[in-house]
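Text of structure.tsv (TSV, C-alpha atoms) as supplied:
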```tsv
chain	number	residue	atom	x	y	z
A	1	MET	CA	62.71	142.27	63.72
A	2	LEU	CA	59.87	143.33	66.02
A	3	GLU	CA	60.58	146.98	65.35
A	4	LEU	CA	60.56	146.31	61.62
A	5	ALA	CA	57.25	144.48	61.90
A	6	ARG	CA	55.70	147.31	63.90
A	7	ASN	CA	56.89	149.79	61.29
A	8	VAL	CA	55.08	147.81	58.58
A	9	PHE	CA	51.89	148.00	60.63
A	10	ASP	CA	52.36	151.73	61.21
A	11	ILE	CA	52.88	152.48	57.51
A	12	GLU	CA	49.89	150.46	56.36
A	13	ILE	CA	47.64	151.88	59.11
A	14	LYS	CA	48.68	155.39	58.06
A	15	GLU	CA	47.79	154.66	54.43
A	16	LEU	CA	44.43	153.20	55.44
A	17	GLU	CA	43.68	156.35	57.40
A	18	ARG	CA	44.53	158.45	54.35
A	19	ILE	CA	42.20	156.46	52.10
A	20	LYS	CA	39.44	156.56	54.69
A	21	ASN	CA	39.63	160.34	54.80
A	22	LYS	CA	39.60	160.55	50.97
A	23	LEU	CA	36.35	158.59	50.55
A	24	ASN	CA	33.81	160.68	48.70
A	25	ASN	CA	30.53	160.49	46.83
A	26	SER	CA	32.07	158.20	44.21
A	27	PHE	CA	31.82	155.41	46.79
A	28	ASN	CA	28.11	156.13	47.27
A	29	ARG	CA	27.56	156.13	43.51
A	30	ALA	CA	29.35	152.80	43.17
A	31	ILE	CA	27.22	151.19	45.88
A	32	GLU	CA	23.99	152.60	44.42
A	33	SER	CA	24.92	151.36	40.94
A	34	ILE	CA	25.68	147.86	42.19
A	35	LEU	CA	22.46	147.75	44.20
A	36	ASN	CA	20.44	148.78	41.14
A	37	SER	CA	22.18	146.29	38.87
A	38	LYS	CA	20.28	143.16	37.83
A	39	GLY	CA	23.50	141.33	37.02
A	40	ARG	CA	26.75	140.31	38.67
A	41	LEU	CA	29.66	142.39	39.92
A	42	VAL	CA	32.59	141.08	37.88
A	43	ILE	CA	36.04	141.74	39.31
A	44	THR	CA	39.14	141.88	37.14
A	45	GLY	CA	42.80	142.66	37.80
A	46	MET	CA	46.35	141.56	36.92
A	47	GLY	CA	49.11	140.31	39.21
A	48	LYS	CA	48.78	141.20	42.88
A	49	SER	CA	45.69	143.30	42.11
A	50	GLY	CA	44.17	140.20	40.59
A	51	HIS	CA	44.91	138.14	43.69
A	52	ILE	CA	43.20	140.77	45.84
A	53	GLY	CA	40.36	140.89	43.32
A	54	VAL	CA	39.75	137.14	43.72
A	55	LYS	CA	39.35	137.62	47.46
A	56	ILE	CA	37.04	140.63	47.02
A	57	SER	CA	34.88	138.67	44.61
A	58	ALA	CA	34.69	135.73	47.03
A	59	THR	CA	33.64	138.05	49.87
A	60	LEU	CA	30.96	139.65	47.71
A	61	ALA	CA	29.58	136.31	46.55
A	62	SER	CA	29.35	134.95	50.09
A	63	THR	CA	27.63	138.06	51.43
A	64	GLY	CA	24.76	138.42	49.01
A	65	THR	CA	26.25	140.12	45.93
A	66	PRO	CA	26.63	137.71	42.97
A	67	SER	CA	30.20	138.04	41.77
A	68	PHE	CA	33.02	136.25	39.99
A	69	PHE	CA	36.60	137.01	38.99
A	70	MET	CA	37.47	137.41	35.31
A	71	HIS	CA	41.14	137.28	34.35
A	72	PRO	CA	41.77	140.29	32.04
A	73	ALA	CA	44.24	138.43	29.80
A	74	GLU	CA	41.70	135.67	29.26
A	75	ALA	CA	38.94	138.25	28.81
A	76	ILE	CA	40.40	139.58	25.55
A	77	HIS	CA	40.71	136.01	24.27
A	78	GLY	CA	37.08	135.04	24.68
A	79	ASP	CA	36.12	135.38	28.32
A	80	LEU	CA	34.32	138.67	27.64
A	81	GLY	CA	31.55	136.34	26.56
A	82	MET	CA	31.01	135.62	30.26
A	83	LEU	CA	29.55	139.11	30.66
A	84	THR	CA	25.99	140.24	30.18
A	85	SER	CA	24.68	143.76	29.67
A	86	ASP	CA	23.21	143.67	33.19
A	87	ASP	CA	26.62	143.19	34.82
A	88	ILE	CA	29.02	145.74	36.26
A	89	VAL	CA	32.79	145.33	35.89
A	90	LEU	CA	35.12	146.47	38.67
A	91	GLY	CA	38.69	146.80	37.35
A	92	ILE	CA	41.66	147.01	39.73
A	93	SER	CA	45.11	148.32	38.80
A	94	ASN	CA	47.52	150.06	41.14
A	95	SER	CA	49.18	151.96	38.29
A	96	GLY	CA	45.96	152.40	36.39
A	97	GLU	CA	47.88	151.53	33.22
A	98	SER	CA	47.89	147.72	33.29
A	99	GLU	CA	47.75	146.85	29.60
A	100	GLU	CA	45.33	143.95	29.96
A	101	ILE	CA	42.87	146.05	32.00
A	102	VAL	CA	43.06	149.10	29.75
A	103	LYS	CA	42.46	146.95	26.67
A	104	ILE	CA	39.15	145.53	27.89
A	105	ILE	CA	37.57	148.85	28.94
A	106	PRO	CA	36.35	149.90	25.46
A	107	HIS	CA	34.98	146.41	24.81
A	108	VAL	CA	33.15	146.43	28.15
A	109	LYS	CA	31.64	149.83	27.39
A	110	ARG	CA	30.68	148.73	23.87
A	111	MET	CA	28.59	146.01	25.53
A	112	GLY	CA	26.76	148.71	27.52
A	113	ILE	CA	28.34	147.58	30.79
A	114	MET	CA	29.28	150.03	33.54
A	115	PHE	CA	32.98	150.07	34.44
A	116	ILE	CA	34.06	150.96	37.99
A	117	GLY	CA	37.79	151.55	38.34
A	118	MET	CA	40.04	151.24	41.39
A	119	ALA	CA	43.55	152.59	40.89
A	120	GLY	CA	46.41	154.23	42.72
A	121	ASN	CA	46.77	156.96	40.09
A	122	PRO	CA	43.79	159.33	39.67
A	123	ASN	CA	45.34	160.65	36.42
A	124	SER	CA	45.71	157.21	34.85
A	125	THR	CA	43.95	155.83	31.79
A	126	LEU	CA	41.85	153.54	33.98
A	127	ALA	CA	40.75	156.46	36.18
A	128	LYS	CA	39.83	158.62	33.17
A	129	GLU	CA	37.95	155.86	31.34
A	130	SER	CA	35.97	154.62	34.35
A	131	ASP	CA	32.31	155.50	34.77
A	132	ILE	CA	33.00	155.65	38.51
A	133	PHE	CA	36.51	155.91	39.96
A	134	LEU	CA	37.64	154.89	43.44
A	135	ASP	CA	41.01	156.34	44.45
A	136	ILE	CA	43.23	153.82	46.26
A	137	SER	CA	46.53	155.74	45.92
A	138	VAL	CA	49.12	155.40	48.66
A	139	GLU	CA	52.12	157.59	49.45
A	140	GLU	CA	54.31	154.85	50.85
A	141	GLU	CA	54.60	151.10	50.45
A	142	ALA	CA	55.67	149.14	53.51
A	143	CYS	CA	58.30	147.49	51.32
A	144	PRO	CA	61.64	149.21	52.16
A	145	LEU	CA	62.51	149.20	48.44
A	146	GLN	CA	59.15	150.76	47.54
A	147	LEU	CA	58.75	148.00	44.98
A	148	ALA	CA	56.63	145.15	46.34
A	149	PRO	CA	52.90	145.98	46.61
A	150	THR	CA	52.22	146.09	50.35
A	151	SER	CA	50.34	149.17	51.53
A	152	SER	CA	48.65	149.37	48.13
A	153	THR	CA	47.31	145.80	48.25
A	154	THR	CA	46.12	146.29	51.84
A	155	VAL	CA	44.24	149.45	50.86
A	156	THR	CA	42.71	147.66	47.87
A	157	LEU	CA	41.56	144.78	50.04
A	158	VAL	CA	39.99	147.09	52.62
A	159	MET	CA	38.22	149.09	49.91
A	160	GLY	CA	36.77	145.81	48.68
A	161	ASP	CA	35.67	144.96	52.22
A	162	ALA	CA	34.06	148.38	52.54
A	163	ILE	CA	32.08	147.77	49.34
A	164	SER	CA	31.00	144.32	50.55
A	165	VAL	CA	29.91	145.54	53.98
A	166	ALA	CA	28.03	148.52	52.56
A	167	LEU	CA	26.15	146.21	50.20
A	168	MET	CA	25.39	143.77	53.03
A	169	LYS	CA	23.94	146.60	55.09
A	170	GLU	CA	21.83	147.97	52.26
A	171	LYS	CA	20.53	144.49	51.37
A	172	ASN	CA	19.76	143.71	55.02
A	173	PHE	CA	21.90	140.58	54.72
A	174	LYS	CA	21.34	138.42	57.81
A	175	PRO	CA	23.17	135.51	59.49
A	176	GLU	CA	20.71	133.01	58.03
A	177	ASN	CA	21.47	134.38	54.55
A	178	PHE	CA	25.18	133.92	55.22
A	179	ALA	CA	24.53	130.35	56.34
A	180	MET	CA	22.75	129.56	53.08
A	181	PHE	CA	26.01	130.20	51.24
A	182	HIS	CA	28.15	128.32	53.81
A	183	PRO	CA	26.24	125.07	54.52
A	184	GLY	CA	29.40	122.97	54.62
A	185	GLY	CA	31.13	124.79	57.46
A	186	SER	CA	30.59	124.63	61.20
A	187	LEU	CA	29.29	128.22	61.28
A	188	GLY	CA	26.83	127.49	58.49
A	189	ARG	CA	25.50	124.42	60.26
A	190	ARG	CA	25.02	126.39	63.47
A	191	LEU	CA	23.21	129.15	61.65
A	192	LEU	CA	20.89	126.73	59.84
A	193	THR	CA	20.30	124.17	62.59
A	194	LYS	CA	17.36	124.62	64.93
A	195	VAL	CA	16.97	123.55	68.54
A	196	ASN	CA	14.55	120.77	67.55
A	197	ASP	CA	17.31	119.20	65.44
A	198	LEU	CA	19.54	118.61	68.47
A	199	MET	CA	17.31	118.55	71.54
A	200	HIS	CA	16.79	115.42	73.64
A	201	THR	CA	13.23	114.11	73.48
A	202	GLN	CA	13.38	110.48	74.59
A	203	ASN	CA	13.04	109.27	78.21
A	204	LEU	CA	12.97	112.79	79.61
A	205	PRO	CA	13.84	112.83	83.34
A	206	ILE	CA	10.59	114.07	84.91
A	207	VAL	CA	9.76	114.13	88.63
A	208	GLY	CA	6.92	115.60	90.67
A	209	LEU	CA	6.97	118.30	93.34
A	210	ASN	CA	6.99	115.75	96.14
A	211	SER	CA	9.36	113.23	94.60
A	212	ASP	CA	11.93	112.12	97.19
A	213	PHE	CA	15.70	112.28	96.95
A	214	ILE	CA	16.14	108.69	95.80
A	215	THR	CA	13.58	109.16	93.02
A	216	ILE	CA	15.32	112.33	91.88
A	217	ILE	CA	18.72	110.61	91.77
A	218	ASP	CA	17.32	107.57	89.95
A	219	THR	CA	15.56	109.79	87.40
A	220	MET	CA	18.67	111.85	86.78
A	221	THR	CA	20.75	108.69	86.38
A	222	THR	CA	18.30	107.04	84.01
A	223	GLY	CA	17.80	110.21	81.95
A	224	LYS	CA	21.58	110.62	81.48
A	225	LEU	CA	21.23	114.40	81.18
A	226	GLY	CA	22.43	115.39	84.64
A	227	LEU	CA	19.08	116.94	85.57
A	228	SER	CA	15.45	116.35	86.46
A	229	ILE	CA	12.50	118.40	85.23
A	230	VAL	CA	9.95	119.07	87.94
A	231	MET	CA	6.37	119.06	86.70
A	232	GLU	CA	2.96	119.48	88.28
A	233	LYS	CA	0.39	117.88	85.99
A	234	ASP	CA	1.47	119.20	82.56
A	235	GLU	CA	3.19	122.36	83.80
A	236	ILE	CA	6.93	122.83	84.17
A	237	VAL	CA	7.49	124.22	87.66
A	238	GLY	CA	11.19	123.70	88.21
A	239	LEU	CA	14.52	122.17	87.29
A	240	ILE	CA	16.99	120.20	89.39
A	241	THR	CA	20.63	119.94	88.29
A	242	ASP	CA	23.66	118.37	89.95
A	243	GLY	CA	24.52	121.83	91.26
A	244	ASP	CA	21.08	122.22	92.83
A	245	LEU	CA	21.57	118.93	94.68
A	246	ARG	CA	24.96	119.95	96.04
A	247	ARG	CA	23.74	123.38	97.12
A	248	ALA	CA	20.72	121.91	98.92
A	249	LEU	CA	22.84	119.42	100.84
A	250	ALA	CA	25.46	122.02	101.73
A	251	SER	CA	22.94	124.57	103.02
A	252	SER	CA	20.96	122.32	105.35
A	253	ASP	CA	21.52	119.89	108.20
A	254	LYS	CA	18.63	117.74	106.99
A	255	SER	CA	19.34	114.21	105.90
A	256	ARG	CA	19.40	113.88	102.15
A	257	PHE	CA	16.59	111.36	102.40
A	258	GLU	CA	14.30	114.04	103.87
A	259	PHE	CA	14.50	116.30	100.84
A	260	VAL	CA	11.74	116.45	98.22
A	261	ALA	CA	11.96	118.02	94.76
A	262	GLN	CA	10.25	121.32	95.54
A	263	GLU	CA	12.86	122.05	98.25
A	264	ILE	CA	15.76	121.55	95.84
A	265	MET	CA	14.58	122.79	92.46
A	266	SER	CA	15.30	126.06	90.73
A	267	THR	CA	11.91	127.66	90.18
A	268	SER	CA	12.71	129.72	87.10
A	269	PRO	CA	14.38	127.44	84.57
A	270	LYS	CA	15.32	129.04	81.27
A	271	ILE	CA	12.99	127.99	78.47
A	272	ILE	CA	13.35	128.16	74.70
A	273	SER	CA	11.20	127.30	71.68
A	274	SER	CA	12.09	124.31	69.53
A	275	ASN	CA	12.10	126.54	66.44
A	276	GLU	CA	14.86	128.81	67.70
A	277	LEU	CA	18.18	128.66	65.85
A	278	VAL	CA	21.01	126.86	67.62
A	279	VAL	CA	23.23	129.94	67.31
A	280	ASP	CA	20.63	131.99	69.23
A	281	ALA	CA	20.26	129.28	71.86
A	282	GLU	CA	24.03	129.20	72.32
A	283	ALA	CA	24.20	132.98	72.73
A	284	PHE	CA	21.33	132.87	75.26
A	285	MET	CA	23.06	130.21	77.35
A	286	LEU	CA	26.40	132.00	77.31
A	287	LEU	CA	24.70	135.25	78.31
A	288	HIS	CA	23.05	133.62	81.33
A	289	LYS	CA	26.03	131.38	82.10
A	290	ILE	CA	23.98	128.19	81.93
A	291	SER	CA	24.44	124.93	80.06
A	292	VAL	CA	20.88	123.66	79.72
A	293	LEU	CA	17.55	124.91	78.40
A	294	ILE	CA	14.09	123.41	78.70
A	295	VAL	CA	12.39	123.29	75.32
A	296	GLU	CA	8.70	124.20	75.40
A	297	ASP	CA	6.18	124.96	72.66
A	298	ASP	CA	2.68	126.25	73.44
A	299	ASN	CA	3.17	125.43	77.16
A	300	LYS	CA	4.04	121.83	76.28
A	301	LEU	CA	7.34	120.18	77.24
A	302	MET	CA	9.18	119.22	74.07
A	303	GLY	CA	12.67	118.32	75.22
A	304	VAL	CA	15.99	119.38	76.72
A	305	PHE	CA	18.75	121.29	74.94
A	306	GLN	CA	22.29	121.32	76.33
A	307	LEU	CA	25.28	123.44	75.44
A	308	TYR	CA	27.53	120.46	74.76
A	309	ASP	CA	25.10	119.25	72.07
A	310	ILE	CA	26.38	122.07	69.86
A	311	GLY	CA	29.79	120.47	69.82
A	312	ASN	CA	28.38	117.78	67.54
A	313	LEU	CA	27.89	120.29	64.71
```
Using the file provided, produce a representation of the structure as C-alpha cells.
Amino acid sequence: MLELARNVFDIEIKELERIKNKLNNSFNRAIESILNSKGRLVITGMGKSGHIGVKISATLASTGTPSFFMHPAEAIHGDLGMLTSDDIVLGISNSGESEEIVKIIPHVKRMGIMFIGMAGNPNSTLAKESDIFLDISVEEEACPLQLAPTSSTTVTLVMGDAISVALMKEKNFKPENFAMFHPGGSLGRRLLTKVNDLMHTQNLPIVGLNSDFITIIDTMTTGKLGLSIVMEKDEIVGLITDGDLRRALASSDKSRFEFVAQEIMSTSPKIISSNELVVDAEAFMLLHKISVLIVEDDNKLMGVFQLYDIGNL
C-alpha cells in the first residue's frame, strides 16, 4: 500500500513538473487581463473540474480577487444574468468538450466578456474558442485505470493556486488584507488585533532601583504577571522576572534579603508599541525566545504584553 501511495505522488509530481515547464506568455496575459478587469473573475466547470473550480474561486475571493463559481448547467438556464460586461469568465474542462461549458462560450462572448479557458486538450473546442488558453494537459492519471481524474485535477488546482498567488503579488496583498476577509477565524483575529487590545494595564507591578527583595516579591505577587518593572522616575530601566530572581540567588552567596532591584534586573527589556499587531508581537517574542514585552508609547509605560495572552484569541 505504501508503494502504491508513493507511486501516486510520483506520477502527480511528474505531471506538475511538466505543466510548470509548459507555462508560457498565455499565463502572463491571463494575469494582466484579470488585473485590468473592473469586474469579478467568474469560475465555471462541470463535475470534478467544477469541484476544483469552487476551491479556486474561494482562494481568489479570500486573497483579494473578487470571484464566484457559476454552475454551467444553471448558467444556460438563467444564471448568465449573474454576469456583467466587466467580468471575466474562467472555464475549466479536462476534455475541453464539456457540453455545458462549450454551450455558454458564445453567450459569454456576445455579452462582451473575456473567456479564459483551462483544458487538458489544446485542440479542443474550449481551447480554440478561448480568448486566452491555459494548457493543463497531463500524460498520465494516477488512477491505475486511467479513468478517475487524479493528476488532471491536481494540475488544475495548482494552476488555480498559481493564478491566485500571482494576483496577490501584483496587488501587494498583505496579511492585514487577508485578515479583513477572515475575521471569524483565529488567524484573522490575530492579524487584526493590536497589542493594546490584549495588554495588561491595571495594577502594573512597578518597583524602584533600590527596592528590596521583599518589595520585589510582594509586587510580583500582587501584580500576578510573574514580573516587576523597574523604573527610575518615569523611565523604564529594567525588568525582573522569576528567572532573574533564580539566577541572582544561584550566582551569589549573598542573603536574598540583601539584594536590591538594580542587582537583579535585566537592563535591556524588550519593548513594543501598543499599536503593533499581535501577530508581529508574537513573531518578535518567538524570535528572541521571550514571553513578555513591555509596552511603551512616546517613552511612557503603557502596559505589559505576554505570550500566553495570545491564547485567548
*Between A:Ile132, A:Val237, A:Val195, A:Ile31, which one has atoms that come closest to Val165 (chain A), using only C-alpha atoms?*
A:Ile31
*Distance query Ala261 (chain A) at most 8 Å, only C-alpha atoms, self and fewer than 6 positions along chain excluded, as an NGL selection string*: :A and (207-213 or 216 or 230 or 240)
*asked:* With only C-alpha atoms as the counted atoms, please give the residues lying no more than 10 Å from Tyr308 (chain A), apart from itself and same-chain residues fewer than 2 positions off, as an NGL selection string.
replied: :A and (282 or 291-292 or 305-306 or 310-312)
_So the first atom is CA of Thr201 (chain A) and the second is CA of His288 (chain A); what is the distance between them in Å, to one decimal place?_
23.2 Å
*asked:* Please return as a PyMOL selection string every residue within 12 Å of (25.2, 139.0, 45.0), taking into account all atoms listed in the file and the file's own coordinates.
replied: chain A and resi 34-42+57-68+87-88+163-164+167-168+171+173+177-178+181
Could you give me, as CSV, a per-residue list for region 71-134 of chain A showing, wherever an atom lies at most 12 Å from an atom of region 9-24 of chain A, the closest pair of atoms and their distance in Å to one decimal, using all atoms listed in the file and sorting by chain then residue number from low to high?
```
residue,atom,partner,partner_atom,distance
A:Ala119,CA,A:Ile19,CA,11.9
A:Gly120,CA,A:Ile19,CA,10.5
A:Ile132,CA,A:Asn24,CA,11.4
A:Phe133,CA,A:Asn24,CA,10.3
A:Leu134,CA,A:Leu23,CA,8.1
```
*When you draw a straight line from CA of Met265 (chain A) to CA of Leu239 (chain A), how long is it in Å?*
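Atom-to-atom, CA of Met265 (chain A) and CA of Leu239 (chain A) are spaced 5.2 Å apart.
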*Give me, please, the distance in Å between CA of Ala248 (chain A) and CA of Asp218 (chain A), quoted to one decimal.*
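Answer for the CA of Ala248 (chain A) to CA of Asp218 (chain A) separation: 17.3 Å.
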Tell me, as a compact mmCIF listing (two decimals) with C-alpha atoms, in the frame of the given file, which residues lie within 9 Å of region 46-48 of chain A, counting all atoms listed in the file; anything in the same chain fewer than 4 positions away does not count.
```
# COMPACT_ATOMS: atom_id res chain seq x y z
CA ILE A 52 43.20 140.77 45.84
CA GLY A 53 40.36 140.89 43.32
CA HIS A 71 41.14 137.28 34.35
CA PRO A 72 41.77 140.29 32.04
CA ALA A 73 44.24 138.43 29.80
CA ILE A 92 41.66 147.01 39.73
CA SER A 93 45.11 148.32 38.80
CA SER A 98 47.89 147.72 33.29
CA GLU A 100 45.33 143.95 29.96
CA ILE A 101 42.87 146.05 32.00
CA PRO A 149 52.90 145.98 46.61
CA THR A 153 47.31 145.80 48.25
```
